[in-house]
Every structure is written in structure tokens, then in C-alpha cells.
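Worksheet: one structure, shown below.
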Amino acid sequence: MKKGRILKEIILLAMMCMALISCQKQEEEPVVLVKGIKLNENTVLLNAGSEAKLLHSIIPDNSTNKTVKWLSGNPNVATVDNDGLVKGISVGKAVVTVTAISGGKIDSCIVTVTAASIPVTKVSVTPKTVNLKTTGTAQLAAAILPSDATNKKVTWKSSNDKIATIDANGLLTGISAGKATIIATTDNGWKKDSCTVTVAEASVPVTGIALTPSSISIEVNKTDRITAHVQPANATNKKIIWKSSNDKIATVDASGLITGISAGQATVTVTAEDGGQTATCTVNITEPPTSLLTWYISNSNDIEGAPAGTSQKMKDILDQIKKAKTNSRFEGDKKAVIVVNGIVNPTTEGNLSNKSLINITGAGIYPNIVLRGSSSGGTLDANNKARVLNIVDNNVTIDGNITLTGGNTVIGNENYGGGIYIEKSSLEMISGTISNCTAVNGAGIYIANDKQSLHSSFSMKGGTVKNCITKGTASKSGAGIFVDSYCSFDLSGGIISNNGADGNTDTGGGVSVNGFGKFTMSGGEISGNKVSDNGGGVSVSGYGIFNMSNGTITNNTAPNGGGSGVYVSQYGANFQQTGGSISGNNGYPDLKQ
């Protein structure tokens, strides 16, 4: 009995010790109260039927009791469960609160519920096709399906803003000729539809027409060309009709080429197809004069003193000048001025040498020579049988009322310089005309590189180079003027016009600059020339150089290539423009570099 009581007392004492230890531990670990509560969002936007999860954080994080209570202030608008999951019920606003059980701290979130979003299923653009003129406008519309879609915003875009543009409201504007696709894209769902727009150049009516020259004189069985200028230069329909008042005196073809039939006067009229505007040119057809050549020793390009010699043949005149040079009659800078009265042609000259009507060749044989016409005019006409003028190692000036025409080197397989060929020489043109000549390259004038650093130069201060064409199976260039490598051409006055009119010249209808050749333009006009490929007015190839400070390049044509006015090759060619005008050419663009 005594032992049992002792055991019970021991067990009771142990339990009392354990209770005492537990009380001590509770005193060592006090309760941590909640000081604050924070939601991750204080505003939430929901569609009816959608859900959002709110998260909360207890401050401090080691609070003893983290139990919270969720509550919606308007359960008809939005509900919240014990985990903070908010669900939109109907359109409106509700305040959702979270409360810490320990300490009663509260945070809240304003829940805004909107109607359920209706997605876009399709967009349709009307009209599907639009035809516009440049600067014209049209309104496009984009219909959204379904009609009650929530987001009906559309973005418009053109596939080519250089053809047509469209603004944010669907207003379409034509910019330049061509086709573009207009695309409408919905913000919701990226639905797309399109419209095809075709833009044509706006019609520009003809307001006037002019002919240059307004009067012209042509000999029987000869031809010359007049040029029609339709105004404005960008008129849509430039078609014109040519007519002669008397085909027994003069005829005219569809390009303005007039042929003298018999002596007399006729009127050539050109009529614009659009509007019917007209212009006229008075044409005087004359019998060819008898040729008489006279030469003078002069200090200038003009006639001075008594004639030094006369002849019916240019060959004889040149022989006389040779002898006078040998006899030292050209002291100082005196020149031999040759006056042509009438026509020099293969018939009057007899047998031709060097495949040219006139040859001024040989270093030191001749003084500086000036070719000019008499007051009634003079003509050097090769009659399409040879080159007109061949110059080697000499200095020649063309001045006065003289025409060099009918040169052709294609038939003699010379290829170059149907009108004039210059090598190791200088040529100056103050007035006169070079016309209706033919060659593979440089039909009017060929400025040749002799490969020995004795390079040729041509200075054009006035006169006209016109109606020359290139022919042959090889590449054809420079219907008017061809500037060979390292040679130079200075244009300060005169007109280079209507060369390559048959469209068979490949490049450089007016002027072709080759290799390291140099062309300087400080005046004059390059107009009405035509090529099939590049450079209707001027073509610069290789390492050629073209510097333009003044003058006009207009109404030239390059329908199938580039640079209707000026073409500059990308392979080393150089063009610098500090003045002058390159505009109104036929093709795109006026200038291509």
C-alpha cells in the first residue's frame, strides 16, 4: 500500500512539472496582432460573366492569426468567395472588402462590371474596286459584323502610298498612275478586307500650239523639219495633224518633215486633236542656186578685203589655201574664210576621197578655216553618199548662213560622224545648220579620241544640229552629237533638236558622252530628241562627266528606259547641275542617275 501511494505521488509531481514548463513557454511566445491588410488591386474592370482573382497580404507577415473575411457590397453586380475570386454578375459597380479577423483591419477594391464583349466576325469594304484620276478622291466604307460588335474600330492602309493614300476615315486620294490595294483591318480579331484602286493621270487639256520655226525656206528636192510645241507640256492628248496648203509645192509628213516639190510658197498647218488649236508655218520652196566658192584671208570669221581665190569646187579652194599657207600668207592668227554660195555636192566635187565630201586633214597644212554661207545661203550636201566634212589635225569654224546636210557613213561602213568627224582637232560652231545626217554613232557630229592623247573638242555657241538619225545593227548612240573618251563638248548656245526622231537610237538622242568624255552646258537648248532606251536628251556613260549651269533640256523622249531628259550611268558617270532646266520630257523620269 505504501509503495503504491509513493508511485502516485511521483506521477502527480511529474505532471505538475510539465504544466509548469508549459506555462513558462507560453509566457516566452506572445501573440502577434494584425496591423494592416493590403489588396493587390484597388480597381477591377470585368465583363458580365467573367472572373478576377484578388490577392491580399497581412501586415506583418508573422501575425499570429491571418484569417480574413471577404464581402461584396453589391452581390447583384459582383460576388466574391472566401478565396477572393470575384465574378461579374451584371452591369454596375460593387465594393469588395477584405477584413482581418484579428484586429479588424480592412482594404477594399472597386469592381466595375460592363456588358459582355461581342467579338468581330467579319469586315466588308465597299466598294471593292475604285477608278480615280490623280488628285481625285473617293470614300471607302468598312461594315463590321455582327452589327453590335463591341469594338468596331478599323485601321486603313494602302499597299503603295505613291499610287494612292487613305486616311483614318477611309478617304482615298489618287497620287500617281498605277494600281494599289487598300486594306481595312479590325482592331478586334484582325479581320481584313480590301479594295483595288486604279489611278490614271488626270486629263490635262491642250490650251495652245506653236510651230518653230514659223517660216522656213527649202530648196526643191530637199527636206527640213519643223517642230510643234503642244501647250501645256503635260497635256494628256498631244496628238496633232499636219497638212500642207499645196502638196504640189511642199508636202509634210506626220512628223513635221517638209519636202520641197517645186518653187513657190505653201502654208503648213498643224492642228491639235484635243481642242482643235492650230498653228501655221510659211514654207518657201526655192530652186537650188549655182555653186560658187570664194575664200578670203581674214583676221576674223567675216569677209575682209578682196577675195584671195574662187572656184566651183571645194577641193580646188583647199588646194589654193594650202599654197597660200606655204607662202606664209597667214601670218599671225589670220584665217581662211571660205564662203559658199549655192550647193556643194558629190556632183560638183567629182570623185570623193576618204569617203567624205570635204576633207580638211593634215597637221600644219592649213591655217584656221572658217566655213560660212553667202547672204543667200550656202549648202554642203553629201546627198546621202558620204560624210559631209572630215577634219583631222586642224581647227575649223562654222559660221554664217551655211548648212551641212545629207551626210551618211553607214553606207561606207565608217560608222562614225555622218555630218562631221573631227580627230585631233577643234571645231567651233557659231551659227549655221547640221541636218539630216546618218551614222551608227554621232550622226550629226562625232568628236573622236585618237588614242594618242591628242583629243578633240567642239564648242557650240549657236546654230542648229537637227534631224540626224542613227542606223545599223550595232549599238547606236548620239544621234545629234557623240563625245568620245577624253574629248570635250561645250554648249553655250544654239539648239540640238529632233535627232533620233525615228526612235532607233539606243542612247543619247541629243548628246552621248562616252567613257571619260566631258560635256559642259552653259546655255542653249536640247529638245525634241528621241531614243529607244536611255537618255532622250543626254546620255552619260562610263566615267563621262556632264556639268550643267544653264540652258534647257525639254520635250525629249525615252519611252522604254530611263532619263527622258538626262540619263547618267551608275558605273562611274558624273552629273552636276548648278542651273538650267530639265523638265517637260516624255518618259519617266526627266533625270535618272
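The chains in the C-alpha cells are called A, B, ... from first to last as shown; in each chain the residues are counted from 1, and the ligands are counted from 1 in the order shown.
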
Q. Can you list, as a PyMOL selection string, every protein, DNA or RNA residue that comes within 12 Å of A:Ala200 when you count only C-alpha atoms, leaving out same-chain residues fewer than 6 positions away?
A. chain A and resi 130-136+163-164+173-180+236

Q: Any chance you could list, as a ChimeraX atom specification, the residues in stretch 318-484 of chain A that come up strand (DSSP E) when DSSP is run on the backbone?
A: /A:335-344,356-361,368-381,387-392,395-405,420-423,426-429,433-435,438-439,445-448,457-460,464-466,469-470,481-483

Using only C-alpha atoms, which protein or nucleic acid residues come within 8 Å of stretch 362-376 of chain A? Drop anything in the same chain fewer than 4 positions from it, and give the result as a PDB file with all heavy atoms, in the first residue's frame.
ATOM      1  N   ASN A 301      36.111  85.902-138.409  1.00  0.00           N
ATOM      2  CA  ASN A 301      35.286  84.940-139.146  1.00  0.00           C
ATOM      3  C   ASN A 301      34.562  85.589-140.313  1.00  0.00           C
ATOM      4  O   ASN A 301      33.876  84.901-141.068  1.00  0.00           O
ATOM      5  CB  ASN A 301      34.251  84.310-138.204  1.00  0.00           C
ATOM      6  CG  ASN A 301      34.892  83.494-137.095  1.00  0.00           C
ATOM      7  OD1 ASN A 301      36.046  83.094-137.206  1.00  0.00           O
ATOM      8  ND2 ASN A 301      34.148  83.261-136.032  1.00  0.00           N
ATOM      9  N   ILE A 321      44.351  77.306-150.656  1.00  0.00           N
ATOM     10  CA  ILE A 321      44.679  77.702-149.280  1.00  0.00           C
ATOM     11  C   ILE A 321      45.974  77.032-148.825  1.00  0.00           C
ATOM     12  O   ILE A 321      46.795  77.645-148.124  1.00  0.00           O
ATOM     13  CB  ILE A 321      43.508  77.342-148.345  1.00  0.00           C
ATOM     14  CG1 ILE A 321      42.288  78.215-148.674  1.00  0.00           C
ATOM     15  CG2 ILE A 321      43.894  77.507-146.878  1.00  0.00           C
ATOM     16  CD1 ILE A 321      41.022  77.826-147.940  1.00  0.00           C
ATOM     17  N   LYS A 322      46.197  75.771-149.233  1.00  0.00           N
ATOM     18  CA  LYS A 322      47.447  75.089-148.902  1.00  0.00           C
ATOM     19  C   LYS A 322      48.653  75.880-149.421  1.00  0.00           C
ATOM     20  O   LYS A 322      49.646  76.099-148.709  1.00  0.00           O
ATOM     21  CB  LYS A 322      47.468  73.690-149.527  1.00  0.00           C
ATOM     22  CG  LYS A 322      46.615  72.648-148.857  1.00  0.00           C
ATOM     23  CD  LYS A 322      46.799  71.317-149.602  1.00  0.00           C
ATOM     24  CE  LYS A 322      45.790  70.283-149.160  1.00  0.00           C
ATOM     25  NZ  LYS A 322      45.941  69.022-149.941  1.00  0.00           N
ATOM     26  N   LYS A 325      49.269  79.001-147.516  1.00  0.00           N
ATOM     27  CA  LYS A 325      49.894  78.704-146.219  1.00  0.00           C
ATOM     28  C   LYS A 325      51.386  78.470-146.406  1.00  0.00           C
ATOM     29  O   LYS A 325      52.214  78.956-145.625  1.00  0.00           O
ATOM     30  CB  LYS A 325      49.232  77.465-145.610  1.00  0.00           C
ATOM     31  CG  LYS A 325      49.824  77.012-144.280  1.00  0.00           C
ATOM     32  CD  LYS A 325      49.402  77.926-143.156  1.00  0.00           C
ATOM     33  CE  LYS A 325      49.620  77.292-141.785  1.00  0.00           C
ATOM     34  NZ  LYS A 325      50.966  76.849-141.493  1.00  0.00           N
ATOM     35  N   THR A 326      51.749  77.752-147.480  1.00  0.00           N
ATOM     36  CA  THR A 326      53.162  77.501-147.770  1.00  0.00           C
ATOM     37  C   THR A 326      53.903  78.812-148.039  1.00  0.00           C
ATOM     38  O   THR A 326      55.079  78.969-147.692  1.00  0.00           O
ATOM     39  CB  THR A 326      53.288  76.562-148.978  1.00  0.00           C
ATOM     40  OG1 THR A 326      52.606  75.345-148.701  1.00  0.00           O
ATOM     41  CG2 THR A 326      54.743  76.246-149.276  1.00  0.00           C
ATOM     42  N   PHE A 330      49.424  83.626-144.151  1.00  0.00           N
ATOM     43  CA  PHE A 330      48.559  83.638-142.971  1.00  0.00           C
ATOM     44  C   PHE A 330      49.382  83.969-141.720  1.00  0.00           C
ATOM     45  O   PHE A 330      49.399  83.232-140.743  1.00  0.00           O
ATOM     46  CB  PHE A 330      47.867  82.279-142.799  1.00  0.00           C
ATOM     47  CG  PHE A 330      46.905  81.961-143.910  1.00  0.00           C
ATOM     48  CD1 PHE A 330      47.303  81.154-144.963  1.00  0.00           C
ATOM     49  CD2 PHE A 330      45.617  82.462-143.907  1.00  0.00           C
ATOM     50  CE1 PHE A 330      46.421  80.852-145.997  1.00  0.00           C
ATOM     51  CE2 PHE A 330      44.735  82.167-144.931  1.00  0.00           C
ATOM     52  CZ  PHE A 330      45.141  81.369-145.987  1.00  0.00           C
ATOM     53  N   ASP A 333      47.473  85.252-136.572  1.00  0.00           N
ATOM     54  CA  ASP A 333      46.327  84.347-136.411  1.00  0.00           C
ATOM     55  C   ASP A 333      45.319  84.500-137.542  1.00  0.00           C
ATOM     56  O   ASP A 333      44.125  84.260-137.352  1.00  0.00           O
ATOM     57  CB  ASP A 333      45.637  84.632-135.068  1.00  0.00           C
ATOM     58  CG  ASP A 333      46.508  84.266-133.888  1.00  0.00           C
ATOM     59  OD1 ASP A 333      47.272  83.287-134.009  1.00  0.00           O
ATOM     60  OD2 ASP A 333      46.432  84.952-132.852  1.00  0.00           O
ATOM     61  N   LYS A 334      45.764  84.894-138.715  1.00  0.00           N
ATOM     62  CA  LYS A 334      44.824  85.075-139.812  1.00  0.00           C
ATOM     63  C   LYS A 334      44.178  83.746-140.199  1.00  0.00           C
ATOM     64  O   LYS A 334      44.780  82.677-140.072  1.00  0.00           O
ATOM     65  CB  LYS A 334      45.534  85.690-141.024  1.00  0.00           C
ATOM     66  CG  LYS A 334      45.933  87.142-140.827  1.00  0.00           C
ATOM     67  CD  LYS A 334      46.471  87.741-142.101  1.00  0.00           C
ATOM     68  CE  LYS A 334      46.855  89.195-141.896  1.00  0.00           C
ATOM     69  NZ  LYS A 334      45.679  90.041-141.613  1.00  0.00           N
ATOM     70  N   LYS A 335      42.960  83.843-140.678  1.00  0.00           N
ATOM     71  CA  LYS A 335      42.177  82.664-141.016  1.00  0.00           C
ATOM     72  C   LYS A 335      41.839  82.661-142.506  1.00  0.00           C
ATOM     73  O   LYS A 335      41.843  83.716-143.160  1.00  0.00           O
ATOM     74  CB  LYS A 335      40.867  82.650-140.220  1.00  0.00           C
ATOM     75  CG  LYS A 335      41.047  82.703-138.713  1.00  0.00           C
ATOM     76  CD  LYS A 335      39.701  82.802-138.011  1.00  0.00           C
ATOM     77  CE  LYS A 335      39.875  82.908-136.511  1.00  0.00           C
ATOM     78  NZ  LYS A 335      38.561  83.018-135.814  1.00  0.00           N
ATOM     79  N   ALA A 336      41.510  81.475-142.992  1.00  0.00           N
ATOM     80  CA  ALA A 336      40.987  81.340-144.350  1.00  0.00           C
ATOM     81  C   ALA A 336      39.468  81.208-144.241  1.00  0.00           C
ATOM     82  O   ALA A 336      38.960  80.208-143.728  1.00  0.00           O
ATOM     83  CB  ALA A 336      41.585  80.120-145.041  1.00  0.00           C
ATOM     84  N   VAL A 337      38.735  82.243-144.698  1.00  0.00           N
ATOM     85  CA  VAL A 337      37.273  82.239-144.640  1.00  0.00           C
ATOM     86  C   VAL A 337      36.739  81.797-145.999  1.00  0.00           C
ATOM     87  O   VAL A 337      36.928  82.490-147.007  1.00  0.00           O
ATOM     88  CB  VAL A 337      36.729  83.629-144.266  1.00  0.00           C
ATOM     89  CG1 VAL A 337      35.203  83.601-144.248  1.00  0.00           C
ATOM     90  CG2 VAL A 337      37.272  84.072-142.911  1.00  0.00           C
ATOM     91  N   ILE A 338      36.079  80.633-146.026  1.00  0.00           N
ATOM     92  CA  ILE A 338      35.515  80.095-147.271  1.00  0.00           C
ATOM     93  C   ILE A 338      34.025  80.396-147.290  1.00  0.00           C
ATOM     94  O   ILE A 338      33.288  79.997-146.380  1.00  0.00           O
ATOM     95  CB  ILE A 338      35.751  78.578-147.369  1.00  0.00           C
ATOM     96  CG1 ILE A 338      37.244  78.256-147.276  1.00  0.00           C
ATOM     97  CG2 ILE A 338      35.163  78.039-148.669  1.00  0.00           C
ATOM     98  CD1 ILE A 338      37.543  76.767-147.216  1.00  0.00           C
ATOM     99  N   VAL A 339      33.576  81.115-148.326  1.00  0.00           N
ATOM    100  CA  VAL A 339      32.165  81.475-148.462  1.00  0.00           C
ATOM    101  C   VAL A 339      31.530  80.583-149.520  1.00  0.00           C
ATOM    102  O   VAL A 339      32.018  80.504-150.649  1.00  0.00           O
ATOM    103  CB  VAL A 339      32.005  82.958-148.835  1.00  0.00           C
ATOM    104  CG1 VAL A 339      30.532  83.307-148.980  1.00  0.00           C
ATOM    105  CG2 VAL A 339      32.652  83.839-147.773  1.00  0.00           C
ATOM    106  N   VAL A 340      30.448  79.925-149.123  1.00  0.00           N
ATOM    107  CA  VAL A 340      29.735  79.017-150.029  1.00  0.00           C
ATOM    108  C   VAL A 340      28.461  79.709-150.500  1.00  0.00           C
ATOM    109  O   VAL A 340      27.616  80.090-149.692  1.00  0.00           O
ATOM    110  CB  VAL A 340      29.387  77.692-149.321  1.00  0.00           C
ATOM    111  CG1 VAL A 340      28.673  76.755-150.277  1.00  0.00           C
ATOM    112  CG2 VAL A 340      30.638  77.040-148.757  1.00  0.00           C
ATOM    113  N   ASN A 341      28.330  79.850-151.805  1.00  0.00           N
ATOM    114  CA  ASN A 341      27.123  80.441-152.388  1.00  0.00           C
ATOM    115  C   ASN A 341      26.492  79.380-153.291  1.00  0.00           C
ATOM    116  O   ASN A 341      26.977  79.126-154.389  1.00  0.00           O
ATOM    117  CB  ASN A 341      27.470  81.704-153.186  1.00  0.00           C
ATOM    118  CG  ASN A 341      26.231  82.339-153.803  1.00  0.00           C
ATOM    119  OD1 ASN A 341      25.155  82.273-153.233  1.00  0.00           O
ATOM    120  ND2 ASN A 341      26.398  82.928-154.976  1.00  0.00           N
ATOM    121  N   GLY A 342      25.422  78.763-152.803  1.00  0.00           N
ATOM    122  CA  GLY A 342      24.813  77.683-153.565  1.00  0.00           C
ATOM    123  C   GLY A 342      25.090  76.349-152.918  1.00  0.00           C
ATOM    124  O   GLY A 342      25.178  76.240-151.694  1.00  0.00           O
ATOM    125  N   VAL A 392      40.900  66.487-139.592  1.00  0.00           N
ATOM    126  CA  VAL A 392      41.952  65.835-138.819  1.00  0.00           C
ATOM    127  C   VAL A 392      43.130  66.798-138.693  1.00  0.00           C
ATOM    128  O   VAL A 392      43.604  67.346-139.694  1.00  0.00           O
ATOM    129  CB  VAL A 392      42.417  64.517-139.480  1.00  0.00           C
ATOM    130  CG1 VAL A 392      43.537  63.876-138.655  1.00  0.00           C
ATOM    131  CG2 VAL A 392      41.261  63.550-139.639  1.00  0.00           C
ATOM    132  N   ASP A 393      43.574  67.034-137.461  1.00  0.00           N
ATOM    133  CA  ASP A 393      44.725  67.908-137.187  1.00  0.00           C
ATOM    134  C   ASP A 393      44.509  69.334-137.665  1.00  0.00           C
ATOM    135  O   ASP A 393      45.422  69.959-138.218  1.00  0.00           O
ATOM    136  CB  ASP A 393      45.993  67.345-137.843  1.00  0.00           C
ATOM    137  CG  ASP A 393      46.769  66.432-136.907  1.00  0.00           C
ATOM    138  OD1 ASP A 393      46.821  66.752-135.699  1.00  0.00           O
ATOM    139  OD2 ASP A 393      47.302  65.416-137.365  1.00  0.00           O
ATOM    140  N   ASN A 394      43.287  69.866-137.451  1.00  0.00           N
ATOM    141  CA  ASN A 394      43.004  71.229-137.888  1.00  0.00           C
ATOM    142  C   ASN A 394      41.983  71.889-136.965  1.00  0.00           C
ATOM    143  O   ASN A 394      41.342  71.225-136.147  1.00  0.00           O
ATOM    144  CB  ASN A 394      42.489  71.238-139.339  1.00  0.00           C
ATOM    145  CG  ASN A 394      43.602  71.037-140.342  1.00  0.00           C
ATOM    146  OD1 ASN A 394      44.304  71.972-140.684  1.00  0.00           O
ATOM    147  ND2 ASN A 394      43.779  69.804-140.789  1.00  0.00           N
ATOM    148  N   ASN A 395      41.832  73.202-137.164  1.00  0.00           N
ATOM    149  CA  ASN A 395      40.860  73.986-136.425  1.00  0.00           C
ATOM    150  C   ASN A 395      39.894  74.613-137.413  1.00  0.00           C
ATOM    151  O   ASN A 395      40.308  75.351-138.312  1.00  0.00           O
ATOM    152  CB  ASN A 395      41.551  75.081-135.599  1.00  0.00           C
ATOM    153  CG  ASN A 395      42.551  74.501-134.616  1.00  0.00           C
ATOM    154  OD1 ASN A 395      42.270  73.510-133.956  1.00  0.00           O
ATOM    155  ND2 ASN A 395      43.721  75.126-134.527  1.00  0.00           N
ATOM    156  N   VAL A 396      38.606  74.306-137.241  1.00  0.00           N
ATOM    157  CA  VAL A 396      37.584  74.756-138.195  1.00  0.00           C
ATOM    158  C   VAL A 396      36.449  75.445-137.440  1.00  0.00           C
ATOM    159  O   VAL A 396      36.060  75.007-136.353  1.00  0.00           O
ATOM    160  CB  VAL A 396      37.036  73.570-139.024  1.00  0.00           C
ATOM    161  CG1 VAL A 396      35.890  74.027-139.929  1.00  0.00           C
ATOM    162  CG2 VAL A 396      38.149  72.940-139.850  1.00  0.00           C
ATOM    163  N   THR A 397      35.926  76.516-138.052  1.00  0.00           N
ATOM    164  CA  THR A 397      34.775  77.230-137.509  1.00  0.00           C
ATOM    165  C   THR A 397      33.646  77.205-138.530  1.00  0.00           C
ATOM    166  O   THR A 397      33.879  77.395-139.724  1.00  0.00           O
ATOM    167  CB  THR A 397      35.136  78.692-137.181  1.00  0.00           C
ATOM    168  OG1 THR A 397      36.177  78.708-136.208  1.00  0.00           O
ATOM    169  CG2 THR A 397      33.932  79.439-136.635  1.00  0.00           C
ATOM    170  N   ILE A 398      32.411  76.952-138.034  1.00  0.00           N
ATOM    171  CA  ILE A 398      31.213  77.020-138.872  1.00  0.00           C
ATOM    172  C   ILE A 398      30.444  78.269-138.467  1.00  0.00           C
ATOM    173  O   ILE A 398      30.096  78.440-137.295  1.00  0.00           O
ATOM    174  CB  ILE A 398      30.349  75.766-138.699  1.00  0.00           C
ATOM    175  CG1 ILE A 398      31.122  74.527-139.172  1.00  0.00           C
ATOM    176  CG2 ILE A 398      29.038  75.890-139.459  1.00  0.00           C
ATOM    177  CD1 ILE A 398      30.427  73.226-138.870  1.00  0.00           C
ATOM    178  N   ASP A 399      30.173  79.152-139.430  1.00  0.00           N
ATOM    179  CA  ASP A 399      29.543  80.430-139.108  1.00  0.00           C
ATOM    180  C   ASP A 399      28.689  80.866-140.296  1.00  0.00           C
ATOM    181  O   ASP A 399      28.804  80.342-141.415  1.00  0.00           O
ATOM    182  CB  ASP A 399      30.615  81.477-138.800  1.00  0.00           C
ATOM    183  CG  ASP A 399      30.069  82.658-138.005  1.00  0.00           C
ATOM    184  OD1 ASP A 399      28.855  82.694-137.755  1.00  0.00           O
ATOM    185  OD2 ASP A 399      30.875  83.536-137.644  1.00  0.00           O
ATOM    186  N   GLY A 400      27.810  81.811-140.028  1.00  0.00           N
ATOM    187  CA  GLY A 400      27.013  82.376-141.110  1.00  0.00           C
ATOM    188  C   GLY A 400      25.920  81.440-141.587  1.00  0.00           C
ATOM    189  O   GLY A 400      25.621  80.411-140.978  1.00  0.00           O
ATOM    190  N   ASN A 401      25.350  81.771-142.703  1.00  0.00           N
ATOM    191  CA  ASN A 401      24.177  81.087-143.251  1.00  0.00           C
ATOM    192  C   ASN A 401      24.596  79.880-144.083  1.00  0.00           C
ATOM    193  O   ASN A 401      24.475  79.876-145.305  1.00  0.00           O
ATOM    194  CB  ASN A 401      23.374  82.097-144.099  1.00  0.00           C
ATOM    195  CG  ASN A 401      22.059  81.520-144.579  1.00  0.00           C
ATOM    196  OD1 ASN A 401      21.562  80.550-144.022  1.00  0.00           O
ATOM    197  ND2 ASN A 401      21.516  82.109-145.628  1.00  0.00           N
ATOM    198  N   ILE A 402      25.095  78.844-143.405  1.00  0.00           N
ATOM    199  CA  ILE A 402      25.569  77.648-144.109  1.00  0.00           C
ATOM    200  C   ILE A 402      24.917  76.401-143.516  1.00  0.00           C
ATOM    201  O   ILE A 402      24.645  76.331-142.322  1.00  0.00           O
ATOM    202  CB  ILE A 402      27.102  77.531-144.042  1.00  0.00           C
ATOM    203  CG1 ILE A 402      27.591  76.412-144.975  1.00  0.00           C
ATOM    204  CG2 ILE A 402      27.596  77.304-142.614  1.00  0.00           C
ATOM    205  CD1 ILE A 402      29.087  76.436-145.224  1.00  0.00           C
ATOM    206  N   THR A 403      24.658  75.438-144.388  1.00  0.00           N
ATOM    207  CA  THR A 403      24.030  74.184-143.980  1.00  0.00           C
ATOM    208  C   THR A 403      24.887  73.014-144.413  1.00  0.00           C
ATOM    209  O   THR A 403      25.302  72.933-145.579  1.00  0.00           O
ATOM    210  CB  THR A 403      22.633  74.048-144.600  1.00  0.00           C
ATOM    211  OG1 THR A 403      21.812  75.120-144.156  1.00  0.00           O
ATOM    212  CG2 THR A 403      21.994  72.729-144.208  1.00  0.00           C
ATOM    213  N   GLY A 432      24.723  78.521-138.300  1.00  0.00           N
ATOM    214  CA  GLY A 432      24.630  77.512-139.337  1.00  0.00           C
ATOM    215  C   GLY A 432      23.816  76.315-138.893  1.00  0.00           C
ATOM    216  O   GLY A 432      23.283  76.283-137.780  1.00  0.00           O
TER     217      GLY A 432
END

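Taking only C-alpha atoms into account, A:Thr227 lies nearest to A:Thr269 out of the set A:Gln277, A:Thr269, A:Thr67, A:Ser50.
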
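Counting from atom CA of A:Ile582, the distance to atom CA of A:Val566 is 7.8 Å.
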
Can you build me a table of stretch 224-340 of chain A residues sitting at most 10 Å from stretch 462-467 of chain A, with the closest atom pair per residue and its distance in Å to one decimal, using only C-alpha atoms, sorted by chain and residue number, as CSV?
residue,atom,partner,partner_atom,distance
A:Asp224,CA,A:Asn467,CA,7.9
A:Arg225,CA,A:Asn467,CA,7.1
A:Ile226,CA,A:Asn467,CA,9.7
A:Leu257,CA,A:Asn467,CA,9.0

Store the residues of this selection in a file with all heavy atoms, as a compact mmCIF listing (two decimals), in the first residue's frame.
# COMPACT_ATOMS: atom_id res chain seq x y z
N ASP A 224 13.32 69.51 -144.69
CA ASP A 224 13.63 70.12 -143.40
C ASP A 224 12.45 69.85 -142.47
O ASP A 224 11.35 69.54 -142.93
CB ASP A 224 13.87 71.63 -143.53
CG ASP A 224 14.76 72.16 -142.41
OD1 ASP A 224 14.94 71.44 -141.40
OD2 ASP A 224 15.28 73.29 -142.54
N ARG A 225 12.69 69.97 -141.19
CA ARG A 225 11.66 69.61 -140.23
C ARG A 225 11.28 70.81 -139.38
O ARG A 225 12.13 71.61 -138.98
CB ARG A 225 12.15 68.48 -139.32
CG ARG A 225 11.05 67.85 -138.48
CD ARG A 225 11.64 66.77 -137.57
NE ARG A 225 12.35 65.76 -138.30
CZ ARG A 225 11.79 64.71 -138.87
NH1 ARG A 225 10.48 64.54 -138.80
NH2 ARG A 225 12.51 63.82 -139.53
N ILE A 226 10.00 70.96 -139.13
CA ILE A 226 9.53 71.95 -138.18
C ILE A 226 8.95 71.22 -136.97
O ILE A 226 8.52 70.07 -137.07
CB ILE A 226 8.48 72.91 -138.79
CG1 ILE A 226 7.29 72.13 -139.36
CG2 ILE A 226 9.11 73.78 -139.85
CD1 ILE A 226 6.22 73.03 -139.95
N LEU A 257 8.16 66.63 -141.15
CA LEU A 257 9.22 66.71 -142.16
C LEU A 257 8.63 67.26 -143.46
O LEU A 257 7.72 66.68 -144.04
CB LEU A 257 9.83 65.33 -142.40
CG LEU A 257 11.03 65.29 -143.35
CD1 LEU A 257 12.22 66.00 -142.71
CD2 LEU A 257 11.39 63.86 -143.72

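When the distance limit is 7 Å and only C-alpha atoms are what count, the residues near A:Asp381, minus those fewer than 4 positions from it on the same chain, are Ile343, Val344, Asn345, Val388, Leu404, Thr405 and Gly406 of chain A.
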
Q: Just the residues within 12 Å of A:Arg387, please, counting only C-alpha atoms, with nothing from its chain fewer than 4 positions along; format it as a VMD selection string.
A: chain A and resid 345 to 346 352 to 359 380 to 383 391 404 to 422 434 436 to 439 442 to 446

(Q) Need to verify the contact set: stretch 551-562 of chain A, 8 Å, only C-alpha atoms, exclusion of same-chain residues closer than 6 positions in sequence. Can you return it as a VMD selection string? (A) chain A and resid 233 492 509 521 to 537 579 to 589 591 to 592

Q: May I ask which of the residues A:Thr259, A:Asn351, A:Asn160, A:Thr207 is the closest one to A:Gln231, counting only C-alpha atoms?
A: A:Thr207

List as a compact mmCIF listing (two decimals) with C-alpha atoms, in the first residue's frame the protein and nucleic acid residues near A:Ile258, meaning an atom at most 7 Å away when only C-alpha atoms are counted, but skip any in the same chain fewer than 5 places from it.
# COMPACT_ATOMS: atom_id res chain seq x y z
CA THR A 223 13.75 68.36 -146.72
CA ASP A 224 13.63 70.12 -143.40
CA ARG A 225 11.66 69.61 -140.23
CA ALA A 250 5.59 71.26 -150.46
CA THR A 251 4.49 68.12 -148.63
CA VAL A 252 4.61 67.41 -144.91
CA ASP A 253 4.53 64.05 -143.12

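Between atom CA of A:Ser512 and atom CA of A:Lys238 lies a distance of 27.2 Å.
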
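When DSSP is run on the backbone, the residues of stretch 241-359 of chain A that fall into alpha helix (DSSP H) are Met314, Lys315, Asp316, Ile317, Leu318, Asp319, Gln320, Ile321, Lys322, Lys323, Ala324, Lys325, Thr326, Pro346, Thr347, Thr348 and Glu349 of chain A.
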
File of the preceding selection, C-alpha atoms, as a PDB file, in the first residue's frame:
ATOM      1  CA  MET A 314      35.889  72.865-152.603  1.00  0.00           C
ATOM      2  CA  LYS A 315      38.882  70.677-153.500  1.00  0.00           C
ATOM      3  CA  ASP A 316      40.356  73.493-155.577  1.00  0.00           C
ATOM      4  CA  ILE A 317      39.699  76.054-152.847  1.00  0.00           C
ATOM      5  CA  LEU A 318      41.524  73.912-150.292  1.00  0.00           C
ATOM      6  CA  ASP A 319      44.480  73.462-152.679  1.00  0.00           C
ATOM      7  CA  GLN A 320      44.679  77.255-153.060  1.00  0.00           C
ATOM      8  CA  ILE A 321      44.679  77.702-149.280  1.00  0.00           C
ATOM      9  CA  LYS A 322      47.447  75.089-148.902  1.00  0.00           C
ATOM     10  CA  LYS A 323      49.674  77.041-151.284  1.00  0.00           C
ATOM     11  CA  ALA A 324      48.906  80.309-149.540  1.00  0.00           C
ATOM     12  CA  LYS A 325      49.894  78.704-146.219  1.00  0.00           C
ATOM     13  CA  THR A 326      53.162  77.501-147.770  1.00  0.00           C
ATOM     14  CA  PRO A 346      29.234  64.972-154.926  1.00  0.00           C
ATOM     15  CA  THR A 347      28.280  66.030-158.459  1.00  0.00           C
ATOM     16  CA  THR A 348      30.064  69.389-158.242  1.00  0.00           C
ATOM     17  CA  GLU A 349      33.087  67.935-156.398  1.00  0.00           C
TER      18      GLU A 349
END

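Nearest to A:Thr433 of all the residues A:Lys476, A:Ile495, A:Leu211, A:Cys487 is A:Ile495, based on only C-alpha atoms.
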
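Nearest-residue note for A:Leu491: choosing from A:Val440, A:Ile182, A:Asn547, A:Asn514, the minimum distance belongs to A:Asn547, counting only C-alpha atoms.
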